[in-house]
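Visitor: The following file, my_file_39.cif, comprises mmCIF, C-alpha atoms:
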data_query
loop_
_atom_site.group_PDB
_atom_site.id
_atom_site.type_symbol
_atom_site.label_atom_id
_atom_site.label_comp_id
_atom_site.auth_asym_id
_atom_site.auth_seq_id
_atom_site.Cartn_x
_atom_site.Cartn_y
_atom_site.Cartn_z
ATOM 1 C CA MET A 1 95.329 139.785 101.870
ATOM 2 C CA LYS A 2 91.825 139.052 100.681
ATOM 3 C CA LYS A 3 89.744 136.711 102.828
ATOM 4 C CA ARG A 4 88.908 133.517 101.010
ATOM 5 C CA ILE A 5 86.826 131.721 103.604
ATOM 6 C CA THR A 6 84.291 133.799 105.453
ATOM 7 C CA LYS A 7 81.876 131.091 106.501
ATOM 8 C CA VAL A 8 82.726 127.466 107.213
ATOM 9 C CA THR A 9 79.223 126.050 107.595
ATOM 10 C CA THR A 10 77.277 126.854 104.444
ATOM 11 C CA LYS A 11 74.903 123.850 104.371
ATOM 12 C CA SER A 12 75.295 123.877 100.582
ATOM 13 C CA GLY A 13 76.945 120.447 100.719
ATOM 14 C CA ASP A 14 73.973 118.809 102.381
ATOM 15 C CA ASP A 15 72.788 117.626 98.965
ATOM 16 C CA GLY A 16 75.938 115.548 98.418
ATOM 17 C CA THR A 17 77.773 118.114 96.318
ATOM 18 C CA THR A 18 80.713 120.343 97.081
ATOM 19 C CA GLY A 19 81.869 123.660 95.681
ATOM 20 C CA MET A 20 85.046 123.800 93.645
ATOM 21 C CA ALA A 21 87.448 126.730 93.698
ATOM 22 C CA ASP A 22 86.285 127.700 90.186
ATOM 23 C CA GLY A 23 82.671 128.009 91.383
ATOM 24 C CA THR A 24 81.341 124.752 89.926
ATOM 25 C CA ARG A 25 79.751 122.043 92.075
ATOM 26 C CA LEU A 26 80.621 118.367 91.902
ATOM 27 C CA ARG A 27 79.297 115.231 93.555
ATOM 28 C CA LYS A 28 81.258 114.410 96.680
ATOM 29 C CA SER A 29 81.858 110.995 95.121
ATOM 30 C CA ASP A 30 83.512 112.507 92.022
ATOM 31 C CA PRO A 31 87.075 111.224 91.389
ATOM 32 C CA ILE A 32 88.406 114.800 91.511
ATOM 33 C CA ILE A 33 86.932 115.292 94.972
ATOM 34 C CA ASN A 34 88.391 111.941 96.018
ATOM 35 C CA CYS A 35 91.847 113.105 94.914
ATOM 36 C CA VAL A 36 91.489 116.457 96.639
ATOM 37 C CA GLY A 37 90.519 114.595 99.809
ATOM 38 C CA GLU A 38 93.445 112.171 99.495
ATOM 39 C CA VAL A 39 95.882 115.065 99.053
ATOM 40 C CA ASP A 40 94.309 116.810 102.056
ATOM 41 C CA GLU A 41 94.632 113.668 104.182
ATOM 42 C CA LEU A 42 98.255 113.274 103.101
ATOM 43 C CA ASN A 43 98.960 116.921 103.901
ATOM 44 C CA SER A 44 97.417 116.516 107.361
ATOM 45 C CA LEU A 45 99.559 113.460 108.060
ATOM 46 C CA VAL A 46 102.712 115.229 106.861
ATOM 47 C CA GLY A 47 101.798 118.001 109.314
ATOM 48 C CA TYR A 48 101.341 115.446 112.062
ATOM 49 C CA LEU A 49 104.703 113.869 111.232
ATOM 50 C CA SER A 50 106.308 117.309 111.372
ATOM 51 C CA SER A 51 104.697 118.090 114.734
ATOM 52 C CA VAL A 52 105.842 114.870 116.466
ATOM 53 C CA ASN A 53 109.292 114.879 114.909
ATOM 54 C CA ASP A 54 111.797 116.233 117.435
ATOM 55 C CA SER A 55 114.610 116.584 114.895
ATOM 56 C CA GLU A 56 115.105 119.878 113.130
ATOM 57 C CA ARG A 57 116.587 117.913 110.213
ATOM 58 C CA TYR A 58 113.194 117.288 108.596
ATOM 59 C CA LYS A 59 111.088 120.301 109.684
ATOM 60 C CA GLU A 60 111.769 122.675 106.790
ATOM 61 C CA SER A 61 111.438 119.907 104.208
ATOM 62 C CA LEU A 62 108.106 118.781 105.630
ATOM 63 C CA ILE A 63 106.717 122.331 105.636
ATOM 64 C CA ARG A 64 107.873 122.810 102.032
ATOM 65 C CA ILE A 65 106.157 119.525 101.145
ATOM 66 C CA GLN A 66 102.941 120.682 102.840
ATOM 67 C CA ASN A 67 102.920 123.836 100.739
ATOM 68 C CA CYS A 68 103.378 121.768 97.562
ATOM 69 C CA LEU A 69 100.567 119.434 98.590
ATOM 70 C CA PHE A 70 98.327 122.447 99.167
ATOM 71 C CA ASP A 71 99.253 123.681 95.667
ATOM 72 C CA ILE A 72 98.337 120.279 94.206
ATOM 73 C CA GLY A 73 94.975 120.225 96.010
ATOM 74 C CA GLY A 74 94.216 123.769 94.924
ATOM 75 C CA SER A 75 95.162 123.001 91.345
ATOM 76 C CA LEU A 76 92.869 119.961 91.322
ATOM 77 C CA SER A 77 90.074 122.101 92.746
ATOM 78 C CA LEU A 78 90.612 124.798 90.134
ATOM 79 C CA GLY A 79 91.167 122.369 87.261
ATOM 80 C CA THR A 80 94.527 123.949 86.431
ATOM 81 C CA ASP A 81 97.975 122.603 85.658
ATOM 82 C CA ASP A 82 101.471 123.791 86.561
ATOM 83 C CA SER A 83 100.969 123.287 90.291
ATOM 84 C CA ILE A 84 104.362 121.624 90.727
ATOM 85 C CA SER A 85 107.625 122.875 89.279
ATOM 86 C CA GLU A 86 110.585 120.805 88.200
ATOM 87 C CA GLU A 87 112.434 122.548 91.039
ATOM 88 C CA GLU A 88 110.116 120.952 93.617
ATOM 89 C CA ILE A 89 110.543 117.501 92.070
ATOM 90 C CA SER A 90 114.325 118.015 92.087
ATOM 91 C CA PHE A 91 114.159 119.122 95.726
ATOM 92 C CA ILE A 92 112.483 115.835 96.677
ATOM 93 C CA GLU A 93 115.035 113.840 94.658
ATOM 94 C CA ASP A 94 117.924 115.737 96.271
ATOM 95 C CA GLU A 95 116.500 115.049 99.739
ATOM 96 C CA ILE A 96 116.188 111.343 98.911
ATOM 97 C CA ASN A 97 119.804 111.208 97.721
ATOM 98 C CA LEU A 98 121.077 113.141 100.738
ATOM 99 C CA LEU A 99 119.310 110.924 103.281
ATOM 100 C CA ASN A 100 119.984 107.711 101.386
ATOM 101 C CA SER A 101 123.733 108.409 101.170
ATOM 102 C CA ASP A 102 124.009 107.916 104.933
ATOM 103 C CA LEU A 103 122.015 104.665 105.051
ATOM 104 C CA PRO A 104 123.170 101.072 104.637
ATOM 105 C CA ASN A 105 122.177 99.274 101.452
ATOM 106 C CA LEU A 106 118.953 97.325 101.682
ATOM 107 C CA GLU A 107 119.255 93.571 101.725
ATOM 108 C CA ASN A 108 115.526 92.907 102.009
ATOM 109 C CA PHE A 109 112.199 94.652 102.506
ATOM 110 C CA VAL A 110 111.951 96.797 105.635
ATOM 111 C CA LEU A 111 109.066 96.211 108.021
ATOM 112 C CA PRO A 112 107.450 99.477 109.128
ATOM 113 C CA GLY A 113 108.227 100.147 112.774
ATOM 114 C CA GLY A 114 111.137 101.007 114.991
ATOM 115 C CA HIS A 115 111.026 104.460 116.490
ATOM 116 C CA PRO A 116 107.451 105.819 116.690
ATOM 117 C CA THR A 117 108.316 108.754 114.404
ATOM 118 C CA SER A 118 109.759 106.362 111.832
ATOM 119 C CA ALA A 119 106.657 104.182 112.056
ATOM 120 C CA LEU A 120 104.507 107.284 111.482
ATOM 121 C CA ALA A 121 106.602 108.210 108.436
ATOM 122 C CA GLN A 122 105.779 104.745 107.055
ATOM 123 C CA VAL A 123 102.043 105.341 107.642
ATOM 124 C CA VAL A 124 102.340 108.669 105.804
ATOM 125 C CA ARG A 125 104.175 106.842 102.990
ATOM 126 C CA ALA A 126 101.348 104.307 102.680
ATOM 127 C CA VAL A 127 98.762 107.107 102.485
ATOM 128 C CA CYS A 128 100.964 108.835 99.905
ATOM 129 C CA ARG A 129 100.889 105.678 97.768
ATOM 130 C CA ARG A 130 97.077 105.578 98.017
ATOM 131 C CA CYS A 131 96.961 109.231 96.974
ATOM 132 C CA GLU A 132 99.174 108.380 94.002
ATOM 133 C CA ARG A 133 96.859 105.539 92.948
ATOM 134 C CA SER A 134 93.892 107.931 93.060
ATOM 135 C CA LEU A 135 95.727 110.513 90.966
ATOM 136 C CA VAL A 136 96.671 107.856 88.390
ATOM 137 C CA ALA A 137 93.037 106.693 88.214
ATOM 138 C CA LEU A 138 91.901 110.298 87.756
ATOM 139 C CA HIS A 139 94.534 110.827 85.058
ATOM 140 C CA GLU A 140 93.198 107.786 83.187
ATOM 141 C CA GLU A 141 89.705 109.310 83.249
ATOM 142 C CA LYS A 142 90.581 112.985 82.829
ATOM 143 C CA SER A 143 94.012 114.215 81.871
ATOM 144 C CA ILE A 144 95.750 115.957 84.746
ATOM 145 C CA GLU A 145 99.210 117.419 85.074
ATOM 146 C CA LYS A 146 101.696 114.534 85.039
ATOM 147 C CA LYS A 147 104.033 116.388 87.421
ATOM 148 C CA LYS A 148 101.455 115.948 90.199
ATOM 149 C CA ILE A 149 101.804 112.176 89.886
ATOM 150 C CA ILE A 150 105.601 112.340 89.612
ATOM 151 C CA TYR A 151 105.837 114.545 92.714
ATOM 152 C CA ILE A 152 103.631 112.240 94.797
ATOM 153 C CA ASN A 153 105.586 109.198 93.574
ATOM 154 C CA ARG A 154 108.896 110.794 94.598
ATOM 155 C CA LEU A 155 107.383 111.916 97.890
ATOM 156 C CA SER A 156 106.517 108.344 98.858
ATOM 157 C CA ASP A 157 110.146 107.386 98.165
ATOM 158 C CA LEU A 158 111.339 110.259 100.344
ATOM 159 C CA LEU A 159 109.032 109.222 103.186
ATOM 160 C CA PHE A 160 110.430 105.674 103.032
ATOM 161 C CA VAL A 161 114.023 106.924 103.155
ATOM 162 C CA MET A 162 113.086 109.413 105.877
ATOM 163 C CA ALA A 163 111.636 106.583 107.991
ATOM 164 C CA ARG A 164 114.882 104.652 107.617
ATOM 165 C CA SER A 165 116.921 107.747 108.416
ATOM 166 C CA ILE A 166 114.897 108.444 111.560
ATOM 167 C CA ASN A 167 115.468 104.900 112.788
ATOM 168 C CA LYS A 168 119.191 105.285 112.215
ATOM 169 C CA GLU A 169 119.254 108.691 113.903
ATOM 170 C CA LYS A 170 117.369 107.289 116.932
ATOM 171 C CA ASN A 171 119.531 104.139 117.070
ATOM 172 C CA TYR A 172 116.644 101.801 116.286
ATOM 173 C CA GLN A 173 117.438 98.611 114.434
ATOM 174 C CA GLU A 174 115.563 98.160 111.151
ATOM 175 C CA MET A 175 113.435 95.055 111.095
ATOM 176 C CA LEU A 176 113.750 93.237 107.797
ATOM 177 C CA TRP A 177 111.079 91.016 106.318
ATOM 178 C CA ARG A 178 111.703 87.316 106.785
ATOM 179 C CA GLN A 179 109.652 85.165 104.488
ATOM 180 C CA THR A 180 107.779 82.506 106.447
#
What would the structure in this file look like if it were written as structure tokens?

Guide:
Amino acid sequence: MKKRITKVTTKSGDDGTTGMADGTRLRKSDPIINCVGEVDELNSLVGYLSSVNDSERYKESLIRIQNCLFDIGGSLSLGTDDSISEEEISFIEDEINLLNSDLPNLENFVLPGGHPTSALAQVVRAVCRRCERSLVALHEEKSIEKKKIIYINRLSDLLFVMARSINKEKNYQEMLWRQT
């Protein structure tokens, strides 16, 4: 396998720009760079969730998700499309349906919390939503692959259902929102 990164500290970003995978340089404040950073942050948090999760039930799914997120970030960096297949979107939807089938119907909004791993899944979900908002804003400015947005949208749904499933698995009562 060819080495892709041979030197981490290049000092070339000291001027406020960063190198893209296609060789171009962009301002670090560019919306594309913001999206790449949001996807990277989301990927890191999914990795953290996977590392603190003691249930094998979610491990393979979370690693598969991390690989897809890396594909999305790489695609944004290269300016290419087709980073996410319909199969990966279907995988997320199937996981949502599988987990949701074992959960009680919602009667109100769920407050994030319960088991610490469930609470972390809710934090990851919130970051996923922020990542989605950034991708939508980028898409409004510069057309990007719509499947990236769809995947991230479905992923936030999966993280919500996963948080609920973890609470159920750990015998933690869901706290429902009570309007004051």

Visitor: Counting all atoms listed in the file, give me one row per residue of segment 41-85 of chain A with an atom at most 10 Å from an atom of segment 90-99 of chain A, showing the shortest contact pair and its distance in Å to one decimal, sorted by chain then residue number, as a Markdown table.

Guide:
| residue | atom | partner | partner_atom | distance |
| --- | --- | --- | --- | --- |
| A:Tyr58 | CA | A:Glu95 | CA | 9.7 |
| A:Ser61 | CA | A:Glu95 | CA | 8.3 |
| A:Arg64 | CA | A:Phe91 | CA | 9.6 |
| A:Ile65 | CA | A:Ile92 | CA | 8.6 |
| A:Ser85 | CA | A:Ser90 | CA | 8.7 |

Visitor: Rounded to one decimal in Å, what is the spacing between atom CA of Arg25 of chain A and atom CA of Cys128 of chain A?

Guide: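 So the two atoms, atom CA of Arg25 of chain A and atom CA of Cys128 of chain A, lie 26.2 Å apart.
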
Visitor: For Asp54 of chain A, which of A:Arg27, A:Lys146, A:Lys170, A:Arg125 is the closest residue, counting all atoms listed in the file?

Guide: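 When distances to Asp54 of chain A are compared using all atoms listed in the file, the smallest one comes from A:Lys170.
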
Visitor: For atom CA of Gln173 of chain A and atom CA of Arg57 of chain A, determine how far apart the two atoms are, in Å to one decimal place.

Guide: 19.8 Å

Visitor: Could you work out how far atom CA of Leu155 of chain A lies from atom CA of Gly79 of chain A, giving the answer in Å with one decimal?

Guide: 22.0 Å

Visitor: With all atoms listed in the file as the basis for distance, which of A:Val46, A:Val110, A:Ile72, A:Ala21 is at the shortest distance from Trp177 of chain A?

Guide: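 Nearest candidate to Trp177 of chain A out of A:Val46, A:Val110, A:Ile72, A:Ala21: A:Val110.
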
Visitor: Using the chain letters and numbering of this document, enumerate as an mmCIF file with C-alpha atoms, in the coordinates of the input the residues selected by the PyMOL selection byres ((chain A and resi 120) around 10).

Guide:
data_model
loop_
_atom_site.group_PDB
_atom_site.id
_atom_site.type_symbol
_atom_site.label_atom_id
_atom_site.label_comp_id
_atom_site.auth_asym_id
_atom_site.auth_seq_id
_atom_site.Cartn_x
_atom_site.Cartn_y
_atom_site.Cartn_z
ATOM 1 C CA LEU A 45 99.559 113.460 108.060
ATOM 2 C CA VAL A 46 102.712 115.229 106.861
ATOM 3 C CA TYR A 48 101.341 115.446 112.062
ATOM 4 C CA LEU A 49 104.703 113.869 111.232
ATOM 5 C CA VAL A 52 105.842 114.870 116.466
ATOM 6 C CA ASN A 53 109.292 114.879 114.909
ATOM 7 C CA PRO A 112 107.450 99.477 109.128
ATOM 8 C CA GLY A 113 108.227 100.147 112.774
ATOM 9 C CA GLY A 114 111.137 101.007 114.991
ATOM 10 C CA HIS A 115 111.026 104.460 116.490
ATOM 11 C CA PRO A 116 107.451 105.819 116.690
ATOM 12 C CA THR A 117 108.316 108.754 114.404
ATOM 13 C CA SER A 118 109.759 106.362 111.832
ATOM 14 C CA ALA A 119 106.657 104.182 112.056
ATOM 15 C CA ALA A 121 106.602 108.210 108.436
ATOM 16 C CA GLN A 122 105.779 104.745 107.055
ATOM 17 C CA VAL A 123 102.043 105.341 107.642
ATOM 18 C CA VAL A 124 102.340 108.669 105.804
ATOM 19 C CA ARG A 125 104.175 106.842 102.990
ATOM 20 C CA ALA A 126 101.348 104.307 102.680
ATOM 21 C CA LEU A 159 109.032 109.222 103.186
ATOM 22 C CA ALA A 163 111.636 106.583 107.991
#

Visitor: Would you kindly place N, CA and C atoms on segment 98-110 of chain A and return the model as a JSON list (two decimals), in the frame of the given file?

Guide:
[["chain", "number", "residue", "atom", "x", "y", "z"],
["A", 98, "LEU", "N", 120.35, 112.70, 99.55],
["A", 98, "LEU", "CA", 121.08, 113.14, 100.74],
["A", 98, "LEU", "C", 120.85, 112.17, 101.90],
["A", 99, "LEU", "N", 119.61, 111.83, 102.18],
["A", 99, "LEU", "CA", 119.31, 110.92, 103.28],
["A", 99, "LEU", "C", 119.81, 109.51, 102.99],
["A", 100, "ASN", "N", 119.62, 109.08, 101.76],
["A", 100, "ASN", "CA", 119.98, 107.71, 101.39],
["A", 100, "ASN", "C", 121.50, 107.49, 101.43],
["A", 101, "SER", "N", 122.27, 108.55, 101.20],
["A", 101, "SER", "CA", 123.73, 108.41, 101.17],
["A", 101, "SER", "C", 124.30, 108.00, 102.53],
["A", 102, "ASP", "N", 123.55, 108.22, 103.58],
["A", 102, "ASP", "CA", 124.01, 107.92, 104.93],
["A", 102, "ASP", "C", 123.41, 106.61, 105.47],
["A", 103, "LEU", "N", 122.69, 105.89, 104.61],
["A", 103, "LEU", "CA", 122.02, 104.66, 105.05],
["A", 103, "LEU", "C", 122.69, 103.43, 104.47],
["A", 104, "PRO", "N", 122.63, 102.31, 105.20],
["A", 104, "PRO", "CA", 123.17, 101.07, 104.64],
["A", 104, "PRO", "C", 122.31, 100.60, 103.47],
["A", 105, "ASN", "N", 122.92, 99.85, 102.57],
["A", 105, "ASN", "CA", 122.18, 99.27, 101.45],
["A", 105, "ASN", "C", 121.12, 98.32, 101.99],
["A", 106, "LEU", "N", 120.03, 98.24, 101.29],
["A", 106, "LEU", "CA", 118.95, 97.32, 101.68],
["A", 106, "LEU", "C", 119.27, 95.91, 101.21],
["A", 107, "GLU", "N", 119.07, 94.97, 102.09],
["A", 107, "GLU", "CA", 119.26, 93.57, 101.72],
["A", 107, "GLU", "C", 117.92, 92.86, 101.58],
["A", 108, "ASN", "N", 116.86, 93.49, 102.07],
["A", 108, "ASN", "CA", 115.53, 92.91, 102.01],
["A", 108, "ASN", "C", 114.52, 94.02, 102.26],
["A", 109, "PHE", "N", 113.24, 93.67, 102.21],
["A", 109, "PHE", "CA", 112.20, 94.65, 102.51],
["A", 109, "PHE", "C", 112.25, 95.03, 103.98],
["A", 110, "VAL", "N", 111.96, 96.30, 104.27],
["A", 110, "VAL", "CA", 111.95, 96.80, 105.64],
["A", 110, "VAL", "C", 110.53, 96.74, 106.17]]
